[in-house]
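Worksheet: the structure to be examined is printed underneath.
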Amino acid sequence: MTEVLFDEYGHPIQKLIDPEHPEQLFDKYGHPHILLEDASGLDLAAANAIPVMVRRGSFPVIATHTAANEGSAGSGTGWGAAGYYVQRTGTTPNSWQVNTIDFLLLAGQPDSCFNFDKAIELSFLTLRQSSDVEAVARLFIASRVNWPIEEEDITNKGFGIEIQNYALYGVSHNGSSKYSVNLNTNLSDNEAAEIKILHYPGEKIEWYVDGVLKGTQSNPARIPAGVRTWTDFGWSIKNGATGGVNADFRWGLLTIWHQK
């Protein structure tokens with residue numbers, strides 16, 4: 001008999017139970033027991049795995065090849081594929097591309113609403129292609145400020161990442177100011193990294209890269225709080241005054257858990 005586990009990407013794997021401890025095969029009533037463990041490390045009894053998973057929160061599936069709200073300047077452009085999204089600055093100086101998606105997540109609330117007093121987990125794969133020291137890419141959950149969309153820093157409550165050329169930073173905004181955490185990570189050109197962001201309401205935000213904790217914002221005054229309508233999931237890239245490089249920003253395999 002085996003112990004059923006999921007790997008860090010949520011794929012089922014098999015792991016033999018230690019034969020020196022056969023009691024692990026049975027629960028306290030003597031019934032055969034199989035342990036389920038999901039990607040977050042939460043242990044789930046097989047009998048109630050589905051109810052527990054459902055109680056964990058909303059799980060939107062993103063069709064990245066469908067249309068998203070967008071804005072651009074210069075040669076900035078973007079397009080979706082079946083499973084990931086691409087943005088490109090083009091070679092024209094001072095070019096940018098930004099896209100946003102709205103969600104319908106919470107019962108009793110309008111669309112585009114996030115409750116930052118609840119636990120939120122954001123995970124995705126991301127990569128940068130083609131070095132440009134002036135290029136800055138961002139991916140975030142943040143309250144909307146302007147319409148039509150313009151490329152800008154997080155300018156209202158939210159959190160996410162910022163990639164300065166290849167250097168990775170965690171960012172948070174409390175509604176008044178933006179704060180950065182150096183994740184001491186340089187992405188490799190055209191090589192995807194797995195990012196996971198855990199928002200603990202009123203406590204901290206953690207940033208993981210390829211399963212390793214790289215940075216924490218532990219000052220509660222620097223993290224978002226409260227229910228925010230008109231909040232988007234967004235991503236962008238921009239270059240600088242020099243241009244000349246087709247700098248790409250890509251992400252895929254997005255999941256968002258929002259506590260109910």
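Chain labels A, B, ... are given in the sequence in which chains occur in the structure tokens; within each chain residues are numbered consecutively from 1, and ligands are likewise numbered from 1 in the order shown.
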Where does DSSP see strand (DSSP E or B) in stretch 32-253 of chain A, if you list the residues as a PyMOL selection string?
-> chain A and resi 32+35-37+43-45+58+69-73+77-80+84-88+96-101+114-115+120-129+136-143+158-164+167-173+178-186+193-200+204-209+212-217+227-228+231-238+248-253
Okay, now the selection with C-alpha atoms, as a tab-separated table (two decimals), in the first residue's frame?
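The result, stored in out14.tsv:
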```
chain	number	residue	atom	x	y	z
A	32	PRO	CA	-6.99	1.71	5.94
A	35	LEU	CA	-2.87	10.63	3.39
A	36	LEU	CA	-3.38	13.43	0.92
A	37	GLU	CA	-1.07	16.43	0.97
A	43	ASP	CA	-2.75	17.43	5.05
A	44	LEU	CA	-6.17	16.18	4.02
A	45	ALA	CA	-7.88	12.90	4.95
A	58	SER	CA	-12.16	30.41	-4.68
A	69	ASN	CA	-8.14	44.88	-20.84
A	70	GLU	CA	-5.03	46.49	-22.24
A	71	GLY	CA	-3.14	49.71	-22.77
A	72	SER	CA	0.09	50.44	-24.61
A	73	ALA	CA	2.46	53.13	-25.86
A	77	THR	CA	2.47	44.90	-27.50
A	78	GLY	CA	1.14	41.70	-25.97
A	79	TRP	CA	-0.70	38.52	-26.88
A	80	GLY	CA	-2.07	35.40	-25.27
A	84	TYR	CA	0.52	31.75	-20.93
A	85	TYR	CA	0.75	35.41	-21.85
A	86	VAL	CA	3.49	37.40	-23.61
A	87	GLN	CA	4.29	41.10	-23.43
A	88	ARG	CA	6.99	42.83	-25.48
A	96	TRP	CA	5.06	49.88	-22.56
A	97	GLN	CA	2.26	47.35	-22.50
A	98	VAL	CA	-0.15	46.68	-19.62
A	99	ASN	CA	-3.02	44.20	-19.24
A	100	THR	CA	-5.56	43.57	-16.51
A	101	ILE	CA	-8.21	40.96	-15.72
A	114	PHE	CA	-10.62	41.50	-3.24
A	115	ASN	CA	-10.83	41.31	0.53
A	120	ILE	CA	-4.73	35.13	-0.45
A	121	GLU	CA	-2.28	32.91	-2.30
A	122	LEU	CA	-1.00	33.85	-5.75
A	123	SER	CA	1.24	31.47	-7.70
A	124	PHE	CA	2.48	31.43	-11.29
A	125	LEU	CA	5.43	30.76	-13.58
A	126	THR	CA	7.25	33.76	-15.01
A	127	LEU	CA	10.24	34.54	-17.20
A	128	ARG	CA	12.09	37.43	-18.79
A	129	GLN	CA	13.69	37.24	-22.21
A	136	VAL	CA	10.81	46.87	-15.73
A	137	ALA	CA	8.12	44.17	-15.62
A	138	ARG	CA	5.38	43.83	-13.01
A	139	LEU	CA	2.67	41.37	-12.01
A	140	PHE	CA	0.26	42.32	-9.26
A	141	ILE	CA	-3.13	42.37	-7.58
A	142	ALA	CA	-3.94	46.03	-7.00
A	143	SER	CA	-6.81	48.50	-6.72
A	158	GLY	CA	-2.18	45.51	-3.40
A	159	PHE	CA	0.87	43.29	-3.76
A	160	GLY	CA	2.92	41.48	-6.40
A	161	ILE	CA	6.38	41.38	-7.96
A	162	GLU	CA	8.61	43.75	-9.90
A	163	ILE	CA	11.41	42.59	-12.21
A	164	GLN	CA	14.09	45.20	-12.88
A	167	ALA	CA	16.38	41.29	-10.65
A	168	LEU	CA	13.30	40.19	-8.69
A	169	TYR	CA	11.55	42.27	-6.01
A	170	GLY	CA	8.44	41.76	-3.93
A	171	VAL	CA	6.16	44.79	-3.67
A	172	SER	CA	3.24	45.79	-1.47
A	173	HIS	CA	1.11	48.91	-1.20
A	178	LYS	CA	4.63	51.36	-2.12
A	179	TYR	CA	7.22	49.20	-0.39
A	180	SER	CA	9.78	46.86	-1.97
A	181	VAL	CA	11.49	43.74	-0.66
A	182	ASN	CA	14.70	42.65	-2.42
A	183	LEU	CA	14.28	38.94	-3.13
A	184	ASN	CA	18.00	38.63	-3.97
A	185	THR	CA	17.15	36.66	-7.09
A	186	ASN	CA	18.17	37.22	-10.70
A	193	ALA	CA	10.79	30.50	-12.35
A	194	GLU	CA	7.95	29.47	-10.06
A	195	ILE	CA	6.66	32.33	-7.91
A	196	LYS	CA	4.32	31.97	-4.94
A	197	ILE	CA	3.06	34.90	-2.86
A	198	LEU	CA	1.27	34.29	0.45
A	199	HIS	CA	-0.73	37.16	1.95
A	200	TYR	CA	-1.43	36.72	5.66
A	204	LYS	CA	2.84	39.60	6.63
A	205	ILE	CA	3.40	38.79	2.94
A	206	GLU	CA	5.85	36.07	1.88
A	207	TRP	CA	7.49	35.63	-1.54
A	208	TYR	CA	8.77	32.20	-2.63
A	209	VAL	CA	10.90	31.45	-5.71
A	212	VAL	CA	12.31	28.71	-1.40
A	213	LEU	CA	11.27	31.64	0.82
A	214	LYS	CA	13.13	34.67	-0.57
A	215	GLY	CA	11.57	37.62	1.25
A	216	THR	CA	8.97	38.72	3.78
A	217	GLN	CA	7.16	41.98	4.37
A	227	VAL	CA	-12.34	45.12	1.16
A	228	ARG	CA	-11.40	46.81	-2.10
A	231	THR	CA	-9.21	45.59	-7.87
A	232	ASP	CA	-7.46	43.95	-10.81
A	233	PHE	CA	-4.97	41.23	-11.54
A	234	GLY	CA	-2.51	43.00	-13.83
A	235	TRP	CA	0.84	42.65	-15.57
A	236	SER	CA	3.04	45.06	-17.51
A	237	ILE	CA	6.44	45.76	-19.02
A	238	LYS	CA	8.09	49.00	-20.06
A	248	ASP	CA	9.74	40.06	-23.26
A	249	PHE	CA	7.79	39.32	-20.08
A	250	ARG	CA	5.83	36.07	-19.85
A	251	TRP	CA	3.73	34.33	-17.21
A	252	GLY	CA	1.53	31.26	-17.05
A	253	LEU	CA	0.11	28.50	-14.83
```
Atom-to-atom span, atom CA of A:Gly83 and atom CA of A:Ala119, Å =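 Calculated distance between atom CA of A:Gly83 and atom CA of A:Ala119 is 25.5 Å.
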Enter the distance from atom CA of A:Thr89 to atom CA of A:Trp230, in Å, rounded to one decimal.
-> 26.6 Å
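Here atom CA of A:Pro224 stands at a distance of 15.2 Å from atom CA of A:Gln259.
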Could you please write out, as a list in words, every residue of stretch 34-222 of chain A that DSSP assigns to alpha helix (DSSP H)?
->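 Residues of stretch 34-222 of chain A classed as alpha helix (DSSP H): Ala49, Ile50, Pro51, Val52, Met53, Val54, Arg55 and Arg56 of chain A.
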For those residues, write C-alpha atoms to a file as an mmCIF file, in the first residue's frame.
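Now in again_25.cif:
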```cif
data_model
loop_
_atom_site.group_PDB
_atom_site.id
_atom_site.type_symbol
_atom_site.label_atom_id
_atom_site.label_comp_id
_atom_site.auth_asym_id
_atom_site.auth_seq_id
_atom_site.Cartn_x
_atom_site.Cartn_y
_atom_site.Cartn_z
ATOM 1 C CA ALA A 49 -10.467 15.961 0.782
ATOM 2 C CA ILE A 50 -13.017 17.608 -1.503
ATOM 3 C CA PRO A 51 -14.979 19.443 1.242
ATOM 4 C CA VAL A 52 -11.755 20.752 2.767
ATOM 5 C CA MET A 53 -10.447 21.912 -0.597
ATOM 6 C CA VAL A 54 -13.748 23.665 -1.312
ATOM 7 C CA ARG A 55 -13.636 25.457 2.040
ATOM 8 C CA ARG A 56 -10.166 26.786 1.291
#
```
